[in-house]
$ cat run-v8.csv   # CSV, C-alpha atoms and all ligand atoms
chain,number,residue,atom,x,y,z
A,275,MET,CA,-17.5,4.0,-12.9
A,276,LYS,CA,-18.5,0.5,-11.6
A,277,ILE,CA,-16.2,-0.8,-8.9
A,278,LEU,CA,-15.6,-4.3,-7.5
A,279,LEU,CA,-13.9,-4.2,-4.0
A,280,SER,CA,-12.0,-7.2,-2.8
A,281,GLY,CA,-11.3,-6.9,0.9
A,282,PHE,CA,-13.7,-5.1,3.3
A,283,GLY,CA,-11.6,-4.5,6.4
A,284,VAL,CA,-10.0,-1.2,7.7
A,285,VAL,CA,-9.1,0.1,4.2
A,286,GLY,CA,-12.1,-1.3,2.3
A,287,LYS,CA,-14.6,0.3,4.6
A,288,ALA,CA,-12.6,3.5,4.7
A,289,VAL,CA,-12.7,3.8,0.9
A,290,ILE,CA,-16.4,3.3,0.8
A,291,GLN,CA,-16.9,5.9,3.5
A,292,LEU,CA,-14.6,8.4,1.8
A,293,ILE,CA,-16.3,8.0,-1.6
A,294,GLU,CA,-19.7,8.6,0.0
A,295,GLU,CA,-18.4,11.7,1.8
A,296,GLN,CA,-16.9,13.0,-1.5
A,297,ARG,CA,-19.7,11.9,-3.8
A,298,SER,CA,-21.0,15.3,-4.8
A,299,LYS,CA,-17.5,16.8,-5.2
A,300,LEU,CA,-16.4,13.8,-7.3
A,301,TYR,CA,-19.2,14.5,-9.7
A,302,SER,CA,-19.1,18.3,-9.8
A,303,GLU,CA,-15.3,18.4,-10.2
A,304,HIS,CA,-14.5,15.3,-12.2
A,305,GLY,CA,-17.8,14.1,-13.6
A,306,LEU,CA,-17.1,10.8,-11.7
A,307,SER,CA,-19.9,8.8,-10.2
A,308,PRO,CA,-18.6,5.6,-8.6
A,309,SER,CA,-20.8,2.7,-7.7
A,310,PHE,CA,-19.9,-0.5,-5.9
A,311,VAL,CA,-21.3,-3.4,-7.9
A,312,GLY,CA,-19.6,-6.0,-5.8
A,313,VAL,CA,-17.8,-6.4,-2.5
A,314,ILE,CA,-15.9,-9.5,-1.4
A,315,ASP,CA,-14.7,-10.5,2.1
A,316,SER,CA,-13.2,-13.7,3.3
A,317,LYS,CA,-16.6,-15.3,4.0
A,318,GLY,CA,-18.7,-14.2,1.1
A,319,ALA,CA,-19.7,-11.5,-1.4
A,320,ALA,CA,-22.4,-9.0,-2.1
A,321,ILE,CA,-23.3,-8.2,-5.7
A,322,ASP,CA,-25.7,-5.8,-7.4
A,323,PRO,CA,-25.0,-4.7,-11.0
A,324,ARG,CA,-27.0,-1.6,-10.3
A,325,GLY,CA,-24.8,-0.6,-7.4
A,326,LEU,CA,-25.0,-1.7,-3.8
A,327,ASP,CA,-26.5,0.3,-1.0
A,328,THR,CA,-23.3,1.2,0.8
A,329,SER,CA,-25.0,2.1,4.2
A,330,LEU,CA,-26.6,-1.3,4.2
A,331,LEU,CA,-23.3,-2.9,3.2
A,332,LEU,CA,-21.5,-1.4,6.1
A,333,GLU,CA,-24.3,-2.2,8.5
A,334,THR,CA,-24.4,-5.8,7.4
A,335,LYS,CA,-20.7,-6.2,7.8
A,336,GLU,CA,-20.8,-4.8,11.3
A,337,LYS,CA,-23.8,-6.8,12.5
A,338,GLN,CA,-23.4,-10.0,10.6
A,339,GLY,CA,-19.6,-10.2,10.1
A,340,SER,CA,-19.8,-10.7,6.3
A,341,VAL,CA,-21.2,-8.9,3.3
A,342,GLY,CA,-22.4,-12.4,2.2
A,343,ALA,CA,-25.3,-11.9,4.7
A,344,MET,CA,-26.6,-8.8,2.8
A,345,PRO,CA,-30.3,-9.2,2.1
A,346,ALA,CA,-31.1,-10.0,-1.6
A,347,HIS,CA,-27.5,-9.5,-2.8
A,348,GLY,CA,-25.4,-11.6,-0.4
A,349,ILE,CA,-23.6,-14.8,-1.5
A,350,ARG,CA,-22.0,-17.2,1.0
A,351,ASP,CA,-19.0,-19.3,-0.1
A,352,ALA,CA,-18.4,-17.0,-3.1
A,353,LYS,CA,-16.0,-18.1,-5.8
A,354,GLU,CA,-14.1,-14.9,-6.0
A,355,LEU,CA,-12.2,-15.5,-9.3
A,356,ASP,CA,-15.5,-16.2,-11.0
A,357,ILE,CA,-17.0,-13.1,-9.5
A,358,ILE,CA,-14.1,-11.0,-10.7
A,359,ALA,CA,-14.2,-12.5,-14.2
A,360,GLU,CA,-18.0,-12.3,-14.6
A,361,SER,CA,-18.5,-8.9,-12.9
A,362,GLU,CA,-19.7,-5.9,-14.9
A,363,ALA,CA,-17.2,-3.8,-12.9
A,364,GLN,CA,-14.8,-1.7,-14.9
A,365,LEU,CA,-12.3,-1.6,-12.0
A,366,LEU,CA,-11.1,-3.9,-9.2
A,367,VAL,CA,-9.8,-2.4,-5.9
A,368,GLU,CA,-7.6,-5.1,-4.3
A,369,ALA,CA,-7.5,-4.6,-0.5
A,370,THR,CA,-7.0,-8.0,1.1
A,371,PRO,CA,-4.1,-8.7,3.5
A,372,THR,CA,-0.5,-8.8,2.5
A,373,THR,CA,1.4,-12.1,2.8
A,374,VAL,CA,4.6,-12.2,0.8
A,375,ARG,CA,5.0,-15.9,1.5
A,376,THR,CA,1.6,-16.7,0.0
A,377,PRO,CA,0.8,-14.0,-2.5
A,378,GLY,CA,-1.0,-16.5,-4.8
A,379,PRO,CA,-4.7,-15.7,-4.1
A,380,SER,CA,-4.3,-11.9,-4.5
A,381,LEU,CA,-2.0,-12.4,-7.6
A,382,GLU,CA,-4.7,-14.5,-9.2
A,383,ARG,CA,-7.4,-11.9,-8.5
A,384,LEU,CA,-5.3,-9.2,-10.2
A,385,LYS,CA,-4.6,-11.5,-13.2
A,386,ALA,CA,-8.3,-12.3,-13.4
A,387,ALA,CA,-9.2,-8.6,-13.5
A,388,PHE,CA,-6.6,-7.7,-16.2
A,389,ARG,CA,-7.6,-10.7,-18.3
A,390,THR,CA,-11.2,-9.5,-18.3
A,391,GLY,CA,-10.3,-6.0,-19.1
A,392,LYS,CA,-10.6,-4.4,-15.7
A,393,HIS,CA,-8.5,-1.6,-14.4
A,394,VAL,CA,-6.9,-2.3,-11.0
A,395,ILE,CA,-6.1,-0.2,-7.9
A,396,CYS,CA,-4.0,-2.4,-5.6
A,397,VAL,CA,-3.1,-1.6,-2.0
A,398,ASN,CA,-1.8,-5.1,-1.3
A,399,LYS,CA,2.0,-5.1,-1.6
A,400,ALA,CA,2.5,-8.9,-1.8
A,401,PRO,CA,1.5,-9.5,-5.4
A,402,LEU,CA,3.5,-6.5,-6.5
A,403,ALA,CA,6.6,-7.6,-4.5
A,404,VAL,CA,6.7,-11.0,-6.2
A,405,ALA,CA,5.4,-10.3,-9.7
A,406,PHE,CA,5.5,-6.6,-10.5
A,407,PRO,CA,7.0,-7.0,-14.0
A,408,VAL,CA,4.4,-9.7,-14.9
A,409,LEU,CA,1.5,-7.6,-13.7
A,410,GLN,CA,2.7,-4.5,-15.5
A,411,GLU,CA,3.0,-6.4,-18.7
A,412,LEU,CA,-0.4,-8.0,-18.3
A,413,SER,CA,-2.0,-4.6,-17.6
A,414,ARG,CA,-0.4,-3.1,-20.7
A,415,HIS,CA,-1.3,-6.1,-22.9
A,416,ASN,CA,-5.0,-5.8,-21.9
A,417,ARG,CA,-4.9,-2.0,-22.1
A,418,CYS,CA,-5.8,-1.6,-18.4
A,419,GLU,CA,-4.8,1.0,-16.0
A,420,PHE,CA,-2.8,-0.2,-13.0
A,421,ARG,CA,-2.3,2.0,-9.9
A,422,TYR,CA,-0.9,1.2,-6.5
A,423,SER,CA,-0.3,4.6,-4.7
A,424,GLY,CA,-1.5,3.2,-1.3
A,425,THR,CA,1.1,0.5,-1.2
A,426,VAL,CA,4.0,2.9,-0.4
A,427,GLY,CA,3.5,5.7,2.2
A,428,GLY,CA,-0.3,5.2,2.8
A,429,GLY,CA,-1.8,8.6,2.1
A,430,THR,CA,1.6,10.3,1.7
A,431,PRO,CA,2.0,10.6,-2.0
A,432,ILE,CA,5.5,9.1,-2.2
A,433,LEU,CA,5.1,7.4,-5.6
A,434,SER,CA,3.4,10.5,-7.1
A,435,LEU,CA,6.2,12.8,-5.8
A,436,ALA,CA,8.9,10.5,-7.1
A,437,GLU,CA,7.1,10.3,-10.5
A,438,GLU,CA,6.7,14.1,-10.7
A,439,VAL,CA,10.3,14.8,-9.7
A,440,GLY,CA,11.6,12.1,-12.1
A,441,ARG,CA,9.8,13.8,-15.0
A,442,GLY,CA,12.1,16.8,-15.1
A,443,SER,CA,15.3,15.4,-13.7
A,444,GLU,CA,17.2,12.2,-13.4
A,445,ILE,CA,16.8,10.4,-10.0
A,446,VAL,CA,20.3,9.1,-9.2
A,447,ALA,CA,19.4,7.5,-5.9
A,448,VAL,CA,16.6,7.0,-3.5
A,449,ARG,CA,16.9,6.8,0.2
A,450,ALA,CA,13.8,6.2,2.2
A,451,ILE,CA,12.2,5.2,5.5
A,452,LEU,CA,9.2,3.3,4.5
A,453,ASN,CA,8.1,1.4,7.6
A,454,GLY,CA,6.6,3.2,10.6
A,455,THR,CA,6.9,0.3,13.0
A,456,THR,CA,10.6,0.0,12.7
A,457,ASN,CA,11.1,3.7,12.8
A,458,PHE,CA,9.0,3.9,16.0
A,459,ILE,CA,11.2,1.2,17.5
A,460,LEU,CA,14.5,2.8,16.5
A,461,THR,CA,13.3,6.2,17.6
A,462,LYS,CA,12.4,4.8,21.1
A,463,MET,CA,15.8,3.1,21.3
A,464,ASP,CA,17.5,6.4,20.4
A,465,ARG,CA,15.5,8.9,22.5
A,466,GLU,CA,14.6,6.7,25.5
A,467,GLY,CA,17.7,4.5,25.6
A,468,TRP,CA,15.6,1.3,25.4
A,469,ASP,CA,16.8,-2.0,24.0
A,470,PHE,CA,15.2,-3.6,20.9
A,471,ASP,CA,12.9,-5.9,22.9
A,472,THR,CA,11.5,-3.2,25.2
A,473,ALA,CA,10.9,-0.9,22.2
A,474,LEU,CA,9.2,-3.8,20.3
A,475,LYS,CA,6.9,-4.6,23.2
A,476,GLU,CA,5.8,-0.9,23.4
A,477,ALA,CA,5.2,-0.9,19.6
A,478,GLN,CA,3.0,-4.0,20.1
A,479,ARG,CA,1.2,-2.5,23.1
A,480,LEU,CA,0.3,0.6,21.0
A,481,GLY,CA,-0.8,-1.5,18.0
A,482,TYR,CA,2.0,-0.3,15.7
A,483,ALA,CA,3.5,-3.8,15.6
A,484,GLU,CA,1.7,-7.1,15.1
A,485,ALA,CA,1.9,-10.1,17.4
A,486,ASP,CA,4.2,-11.6,14.8
A,487,PRO,CA,6.4,-8.5,13.9
A,488,SER,CA,8.7,-10.3,11.5
A,489,ALA,CA,7.5,-8.7,8.3
A,490,ASP,CA,8.3,-5.3,9.8
A,491,VAL,CA,11.4,-5.9,11.9
A,492,ASP,CA,13.1,-8.2,9.4
A,493,GLY,CA,12.8,-5.6,6.7
A,494,ILE,CA,10.4,-7.6,4.4
A,495,ASP,CA,7.7,-4.9,4.4
A,496,THR,CA,10.3,-2.2,3.5
A,497,ALA,CA,11.7,-4.5,0.8
A,498,THR,CA,8.3,-4.9,-0.9
A,499,LYS,CA,8.1,-1.1,-1.1
A,500,VAL,CA,11.6,-1.0,-2.6
A,501,VAL,CA,10.4,-3.3,-5.4
A,502,ILE,CA,7.3,-1.1,-6.0
A,503,LEU,CA,9.4,2.1,-6.1
A,504,ALA,CA,12.1,0.5,-8.3
A,505,ASN,CA,9.6,-0.9,-10.9
A,506,GLY,CA,6.9,1.7,-10.7
A,507,VAL,CA,9.0,4.9,-10.6
A,508,LEU,CA,12.5,4.1,-11.8
A,509,GLY,CA,11.5,1.6,-14.5
A,510,ARG,CA,13.8,-1.0,-13.0
A,511,PRO,CA,12.3,-4.5,-13.4
A,512,CYS,CA,12.9,-6.5,-10.2
A,513,THR,CA,11.2,-8.6,-7.6
A,514,ILE,CA,11.8,-9.0,-3.8
A,515,SER,CA,14.4,-11.7,-4.4
A,516,ASP,CA,16.6,-9.0,-6.0
A,517,VAL,CA,16.6,-6.9,-2.8
A,518,LYS,CA,19.4,-7.4,-0.1
A,519,ILE,CA,17.5,-7.4,3.1
A,520,GLU,CA,18.7,-6.8,6.7
A,521,GLY,CA,16.2,-6.0,9.5
A,522,ILE,CA,16.7,-4.3,12.8
A,523,ARG,CA,16.8,-7.2,15.3
A,524,GLY,CA,20.5,-6.9,15.4
A,525,VAL,CA,20.7,-3.2,16.2
A,526,THR,CA,22.1,-2.8,19.7
A,527,LYS,CA,21.9,0.0,22.2
A,528,ALA,CA,25.7,0.3,21.8
A,529,ARG,CA,25.3,1.0,18.1
A,530,ILE,CA,22.6,3.6,18.7
A,531,GLU,CA,24.7,5.3,21.4
A,532,ALA,CA,27.8,5.4,19.2
A,533,ALA,CA,25.8,6.9,16.4
A,534,ARG,CA,24.3,9.6,18.7
A,535,LYS,CA,27.8,10.5,19.9
A,536,ALA,CA,28.9,10.9,16.3
A,537,GLY,CA,25.9,13.2,15.5
A,538,GLN,CA,24.0,10.5,13.7
A,539,ALA,CA,21.0,8.3,14.1
A,540,VAL,CA,20.4,4.6,13.1
A,541,LYS,CA,17.5,4.2,10.7
A,542,LEU,CA,16.1,1.3,8.6
A,543,ILE,CA,17.0,2.7,5.2
A,544,ALA,CA,15.6,1.5,1.8
A,545,ARG,CA,18.1,2.4,-0.8
A,546,ILE,CA,17.8,2.3,-4.6
A,547,ALA,CA,20.8,3.2,-6.8
A,548,SER,CA,22.4,1.8,-10.0
A,549,ASP,CA,24.5,-0.5,-7.9
A,550,ASP,CA,22.2,-1.0,-4.9
A,551,LEU,CA,18.8,-2.4,-4.1
A,552,SER,CA,18.8,-2.9,-0.4
A,553,VAL,CA,17.1,-2.5,3.0
A,554,ALA,CA,19.4,-2.2,6.1
A,555,PRO,CA,19.9,-0.3,9.3
A,556,ARG,CA,22.2,2.6,8.4
A,557,GLU,CA,23.6,5.7,10.2
A,558,VAL,CA,22.3,9.0,8.9
A,559,ALA,CA,23.2,12.5,9.9
A,560,ALA,CA,21.1,13.7,12.8
A,561,ASP,CA,20.3,16.9,11.0
A,562,ALA,CA,19.4,15.3,7.7
A,563,PRO,CA,15.8,15.5,6.5
A,564,ILE,CA,15.6,11.7,6.5
A,565,ASN,CA,16.1,11.6,10.3
A,566,VAL,CA,12.3,11.6,11.0
A,567,GLY,CA,11.1,10.4,14.3
A,568,GLY,CA,8.2,8.2,15.6
A,569,SER,CA,6.2,6.2,13.0
A,570,LEU,CA,6.8,8.7,10.2
A,571,ASN,CA,7.9,7.8,6.7
A,572,CYS,CA,10.4,9.8,4.6
A,573,LEU,CA,11.4,9.7,0.9
A,574,SER,CA,14.6,11.4,-0.1
A,575,LEU,CA,15.5,11.6,-3.8
A,576,GLU,CA,19.0,12.5,-5.0
A,577,LEU,CA,18.8,14.2,-8.3
A,578,LYS,CA,21.4,14.5,-11.0
A,579,THR,CA,20.6,18.2,-11.1
A,580,GLY,CA,18.7,19.9,-8.4
A,581,GLY,CA,20.1,18.4,-5.3
A,582,GLU,CA,17.9,16.5,-2.9
A,583,VAL,CA,14.1,16.5,-2.6
A,584,SER,CA,12.4,15.0,0.5
A,585,LEU,CA,8.8,14.2,1.5
A,586,ILE,CA,7.7,13.3,5.0
A,587,GLY,CA,4.4,12.0,6.2
A,588,ARG,CA,2.4,9.2,7.9
A,589,GLY,CA,2.9,5.9,6.2
A,590,ALA,CA,-0.3,4.0,7.0
A,591,GLY,CA,-3.9,4.2,8.4
A,592,GLY,CA,-7.2,3.3,6.9
A,593,PRO,CA,-8.5,6.8,6.0
A,594,GLU,CA,-5.0,7.8,4.7
A,595,THR,CA,-4.8,4.7,2.4
A,596,ALA,CA,-8.4,5.3,1.3
A,597,THR,CA,-7.3,8.8,0.2
A,598,ALA,CA,-4.6,7.2,-2.0
A,599,ILE,CA,-7.1,4.9,-3.5
A,600,LEU,CA,-9.4,7.8,-4.3
A,601,ARG,CA,-6.5,9.7,-6.0
A,602,ASP,CA,-5.8,6.6,-8.1
A,603,LEU,CA,-9.5,6.3,-9.0
A,604,ILE,CA,-9.6,9.9,-10.1
A,605,ASP,CA,-6.5,9.5,-12.2
A,606,ILE,CA,-7.8,6.3,-13.8
A,607,TRP,CA,-11.1,8.0,-14.6
A,608,HIS,CA,-9.4,10.9,-16.3
A,609,SER,CA,-7.2,8.6,-18.2
A,610,VAL,CA,-10.1,6.5,-19.4
A,611,GLU,CA,-12.1,9.6,-20.3
A,612,SER,CA,-9.2,11.1,-22.3
A,613,HIS,CA,-8.8,7.8,-24.3
A,614,ARG,CA,-12.6,7.9,-25.1
A,615,THR,CA,-12.5,11.4,-26.6
B,1,LIG,N1,-4.4,-0.5,7.2
B,1,LIG,C1,-3.5,0.3,6.7
B,1,LIG,O1,-3.1,1.3,7.3
B,1,LIG,C2,-2.9,0.0,5.3
B,1,LIG,C3,-2.0,0.9,4.7
B,1,LIG,C4,-1.5,0.6,3.4
B,1,LIG,C5,-1.8,-0.6,2.8
B,1,LIG,N2,-2.6,-1.5,3.5
B,1,LIG,C6,-2.8,-2.7,2.8
B,1,LIG,O2,-4.2,-2.8,2.5
B,1,LIG,C7,-4.6,-4.2,2.6
B,1,LIG,C8,-5.9,-4.3,3.5
B,1,LIG,O3,-5.5,-3.8,4.8
B,1,LIG,P1,-6.5,-3.7,6.0
B,1,LIG,O4,-5.8,-3.0,7.0
B,1,LIG,O5,-7.8,-3.2,5.4
B,1,LIG,O6,-6.7,-5.2,6.4
B,1,LIG,P2,-7.9,-5.9,7.2
B,1,LIG,O7,-8.5,-4.9,8.1
B,1,LIG,O8,-7.3,-7.1,7.9
B,1,LIG,O9,-9.0,-6.3,6.1
B,1,LIG,C9,-8.7,-7.3,5.2
B,1,LIG,C10,-10.0,-7.6,4.4
B,1,LIG,O10,-9.7,-8.6,3.5
B,1,LIG,C11,-10.6,-9.7,3.6
B,1,LIG,N3,-10.1,-10.9,3.1
B,1,LIG,C12,-9.1,-11.7,3.6
B,1,LIG,N4,-8.9,-12.8,2.8
B,1,LIG,C13,-9.7,-12.6,1.8
B,1,LIG,C14,-9.9,-13.4,0.6
B,1,LIG,N5,-9.3,-14.5,0.3
B,1,LIG,N6,-10.8,-12.9,-0.3
B,1,LIG,C15,-11.5,-11.8,-0.1
B,1,LIG,N7,-11.3,-11.0,1.0
B,1,LIG,C16,-10.4,-11.4,1.9
B,1,LIG,C17,-11.0,-9.7,5.1
B,1,LIG,O11,-12.2,-10.4,5.2
B,1,LIG,P3,-13.0,-10.5,6.6
B,1,LIG,O12,-13.5,-9.2,6.9
B,1,LIG,O13,-14.0,-11.6,6.4
B,1,LIG,O14,-11.9,-11.0,7.6
B,1,LIG,C18,-11.1,-8.3,5.4
B,1,LIG,O15,-12.3,-7.8,5.0
B,1,LIG,C19,-3.4,-5.0,3.0
B,1,LIG,O16,-2.8,-5.6,2.0
B,1,LIG,C20,-2.6,-4.0,3.7
B,1,LIG,O17,-1.2,-4.3,3.6
B,1,LIG,C21,-3.1,-1.2,4.7

$ encode --input "run-v8.csv" --output "structure tokens"
Amino acid sequence: MKILLSGFGVVGKAVIQLIEEQRSKLYSEHGLSPSFVGVIDSKGAAIDPRGLDTSLLLETKEKQGSVGAMPAHGIRDAKELDIIAESEAQLLVEATPTTVRTPGPSLERLKAAFRTGKHVICVNKAPLAVAFPVLQELSRHNRCEFRYSGTVGGGTPILSLAEEVGRGSEIVAVRAILNGTTNFILTKMDREGWDFDTALKEAQRLGYAEADPSADVDGIDTATKVVILANGVLGRPCTISDVKIEGIRGVTKARIEAARKAGQAVKLIARIASDDLSVAPREVAADAPINVGGSLNCLSLELKTGGEVSLIGRGAGGPETATAILRDLIDIWHSVESHRT
């Protein structure tokens, strides 16, 4: 399987490392032999239709700052849409940064891939948040596979579990904690008695929150994941403008304390139900499975028959997200193979 990788940062590098580690197992267990025929970063690209030397690729990126400096195969000032359209790759992995306010470039990359018949694995939430229905239609129209497991829950298979559970029973409602940064902040406020600003500073010191934390604390990141779950698992076409969003900046120590006294905790809850598509701080029972601490994520599915099913795990991290990409790659490979026979 020939792969073109767009974005060579934490996740991009982790996926190449993971595939190299698993190479012999991928072949012996799945008959899958991935090769990277192109890698693009913000300053250039490296291309080799016969497959790039991944050790040299990683070394060049580390020493020279861009894959565009790779001997014999590097291109500076690469025109990425042309590279995607003209590449011999069968599949594009999109792993560039998320910006919901400016999703254009990554959206164009995904469209260019589908229009030229390439399957897509996307870990960038932004294009999915603003144009999921369009992308799904484009992938179907061009008979391409479209996977995005790493966008929700990192390596924790939140989308797969929801799909699996939804196969046998009707999912009536989804409640979830999908952002580790805000969960860390709320947990600190609850357990240490800190106010929001102190907890945010600690999250920034530890590298959980970015210098500009607005995408996390204002609920935007969680809302993008609501859109992906609603479209991808519940078959409910929507975009981020359909989600009611309230972040956690207004959560006070007094609210947290009142919740604790009532045997509850305040969590930033993503909710999907027939009458609700929202992100907001909500009180949950202290002994409910969804009351997970620290930077954990949790998905809780309310079923028409069968009660509640929950999954808890880490929501981010380069190696974890690379695992999700690899799962998607194996799925796509088997799907392509089954259509061929
Ligand atoms: N890290 C996680 O734990 C995690 C978990 C789940 C999902 N994700 C998602 O995965 C994506 C990548 O995350 P990351 O942590 O790997 O980010 P990152 O470390 O900042 O790397 C981003 C990569 O994208 C490249 N890039 C930026 N603009 C580009 C452009 N216009 N064309 C081509 N390449 C471009 C950067 O190039 P340079 O190297 O030249 O700067 C860099 O290689 C994001 O959408 C993120 O939300 C990340």

$ residues_around --input "run-v8.csv" --residues "range 392-394 of chain A" --least-positions-apart "4" --cutoff "6 Å" --atoms "all atoms listed in the file" --output "ChimeraX atom specification"
/A:364-367,387-388,418-420

$ write_last_selection --input "run-v8.csv" --atoms "C-alpha atoms" --output "compact mmCIF listing (two decimals), in the coordinates of the input"
# COMPACT_ATOMS: atom_id res chain seq x y z
CA GLN A 364 -14.80 -1.70 -14.90
CA LEU A 365 -12.30 -1.60 -12.00
CA LEU A 366 -11.10 -3.90 -9.20
CA VAL A 367 -9.80 -2.40 -5.90
CA ALA A 387 -9.20 -8.60 -13.50
CA PHE A 388 -6.60 -7.70 -16.20
CA CYS A 418 -5.80 -1.60 -18.40
CA GLU A 419 -4.80 1.00 -16.00
CA PHE A 420 -2.80 -0.20 -13.00

$ residues_around --input "run-v8.csv" --residues "Arg529 in chain A" --least-positions-apart "2" --cutoff "12 Å" --atoms "all atoms listed in the file" --output "list in words"
Leu460, Met463, Asp464, Gly467, Asp469, Phe470, Ile522, Gly524, Val525, Thr526, Lys527, Glu531, Ala532, Ala533, Arg534, Lys535, Ala536, Gln538, Ala539, Val540, Lys541, Pro555, Arg556 and Glu557 of chain A

$ residues_near_ligand --input "run-v8.csv" --ligand "ligand LIG 1 (chain B)" --cutoff "7 Å" --atoms "only C-alpha atoms and all ligand atoms" --output "PyMOL selection string"
chain A and resi 280-286+314-317+339-340+354+369-372+379+397-399+424-425+428+590-592+595

$ residues_around --input "run-v8.csv" --residues "Ala359 in chain A" --least-positions-apart "5" --cutoff "8 Å" --atoms "all atoms listed in the file" --output "list of chain:residue names"
A:Ala386, A:Ala387, A:Arg389, A:Thr390

$ residues_around --input "run-v8.csv" --residues "Ile459 in chain A" --least-positions-apart "4" --cutoff "8 Å" --atoms "only C-alpha atoms" --output "ChimeraX atom specification"
/A:455,463,470,473-474,477,568

$ write_last_selection --input "run-v8.csv" --atoms "C-alpha atoms" --output "tab-separated table (two decimals), keeping the file's coordinate frame"
chain	number	residue	atom	x	y	z
A	455	THR	CA	6.90	0.30	13.00
A	463	MET	CA	15.80	3.10	21.30
A	470	PHE	CA	15.20	-3.60	20.90
A	473	ALA	CA	10.90	-0.90	22.20
A	474	LEU	CA	9.20	-3.80	20.30
A	477	ALA	CA	5.20	-0.90	19.60
A	568	GLY	CA	8.20	8.20	15.60

$ closest_residue --input "run-v8.csv" --among "A:Asp351, A:Glu582, A:Glu438, A:Asp495" --to "Val553 in chain A" --atoms "only C-alpha atoms"
A:Asp495

$ atom_distance --input "run-v8.csv" --atom1 "CA of Asp327 in chain A" --atom2 "CA of Gln296 in chain A"
15.9 Å

$ residues_around --input "run-v8.csv" --residues "Ile451 in chain A" --least-positions-apart "4" --cutoff "8 Å" --atoms "only C-alpha atoms" --output "MDAnalysis selection string"
chainID A and resid 457 496 541:544 564 570:573

$ residues_near_point --input "run-v8.csv" --point "(0.1, -7.3, -4.9)" --cutoff "9 Å" --atoms "only C-alpha atoms" --output "list in words"
Glu368, Thr372, Val374, Pro377, Ser380, Leu381, Leu384, Cys396, Val397, Asn398, Lys399, Ala400, Pro401, Leu402, Ala403, Val404, Ala405, Phe406, Leu409, Tyr422 and Thr425 of chain A

$ closest_residue --input "run-v8.csv" --among "A:Leu435, A:Ala319, A:Leu452, A:Leu585" --to "Arg545 in chain A" --atoms "only C-alpha atoms"
A:Leu452

$ atom_distance --input "run-v8.csv" --atom1 "CA of Gly348 in chain A" --atom2 "CA of Ile321 in chain A"
6.6 Å

$ closest_residue --input "run-v8.csv" --among "A:Leu551, A:Ala497, A:Met275, A:Ala343" --to "Glu611 in chain A" --atoms "all atoms listed in the file"
A:Met275

$ atom_distance --input "run-v8.csv" --atom1 "CA of Val507 in chain A" --atom2 "CA of Gly440 in chain A"
7.8 Å

$ build_atoms --input "run-v8.csv" --residues "range 546-557 of chain A" --atoms "N, CA and C atoms" --output "PDB file, keeping the file's coordinate frame"
ATOM      1  N   ILE A 546      17.852   2.676  -3.219  1.00  0.00           N
ATOM      2  CA  ILE A 546      17.800   2.300  -4.600  1.00  0.00           C
ATOM      3  C   ILE A 546      18.824   3.130  -5.365  1.00  0.00           C
ATOM      4  N   ALA A 547      19.824   2.497  -5.952  1.00  0.00           N
ATOM      5  CA  ALA A 547      20.800   3.200  -6.800  1.00  0.00           C
ATOM      6  C   ALA A 547      21.202   2.241  -7.880  1.00  0.00           C
ATOM      7  N   SER A 548      22.028   2.718  -8.829  1.00  0.00           N
ATOM      8  CA  SER A 548      22.400   1.800 -10.000  1.00  0.00           C
ATOM      9  C   SER A 548      23.038   0.556  -9.478  1.00  0.00           C
ATOM     10  N   ASP A 549      23.796   0.644  -8.376  1.00  0.00           N
ATOM     11  CA  ASP A 549      24.500  -0.500  -7.900  1.00  0.00           C
ATOM     12  C   ASP A 549      23.940  -1.077  -6.581  1.00  0.00           C
ATOM     13  N   ASP A 550      22.733  -0.670  -6.243  1.00  0.00           N
ATOM     14  CA  ASP A 550      22.200  -1.000  -4.900  1.00  0.00           C
ATOM     15  C   ASP A 550      20.697  -1.138  -4.907  1.00  0.00           C
ATOM     16  N   LEU A 551      20.216  -2.209  -4.324  1.00  0.00           N
ATOM     17  CA  LEU A 551      18.800  -2.400  -4.100  1.00  0.00           C
ATOM     18  C   LEU A 551      18.725  -3.061  -2.734  1.00  0.00           C
ATOM     19  N   SER A 552      18.566  -2.265  -1.677  1.00  0.00           N
ATOM     20  CA  SER A 552      18.800  -2.900  -0.400  1.00  0.00           C
ATOM     21  C   SER A 552      17.891  -2.239   0.717  1.00  0.00           C
ATOM     22  N   VAL A 553      17.775  -3.000   1.800  1.00  0.00           N
ATOM     23  CA  VAL A 553      17.100  -2.500   3.000  1.00  0.00           C
ATOM     24  C   VAL A 553      18.094  -2.901   4.148  1.00  0.00           C
ATOM     25  N   ALA A 554      18.505  -1.929   4.951  1.00  0.00           N
ATOM     26  CA  ALA A 554      19.400  -2.200   6.100  1.00  0.00           C
ATOM     27  C   ALA A 554      19.418  -1.085   7.055  1.00  0.00           C
ATOM     28  N   PRO A 555      19.762  -1.376   8.319  1.00  0.00           N
ATOM     29  CA  PRO A 555      19.900  -0.300   9.300  1.00  0.00           C
ATOM     30  C   PRO A 555      21.196   0.493   8.900  1.00  0.00           C
ATOM     31  N   ARG A 556      21.080   1.808   8.799  1.00  0.00           N
ATOM     32  CA  ARG A 556      22.200   2.600   8.400  1.00  0.00           C
ATOM     33  C   ARG A 556      22.265   3.887   9.278  1.00  0.00           C
ATOM     34  N   GLU A 557      23.481   4.422   9.464  1.00  0.00           N
ATOM     35  CA  GLU A 557      23.600   5.700  10.200  1.00  0.00           C
ATOM     36  C   GLU A 557      23.327   6.822   9.206  1.00  0.00           C
TER      37      GLU A 557
END
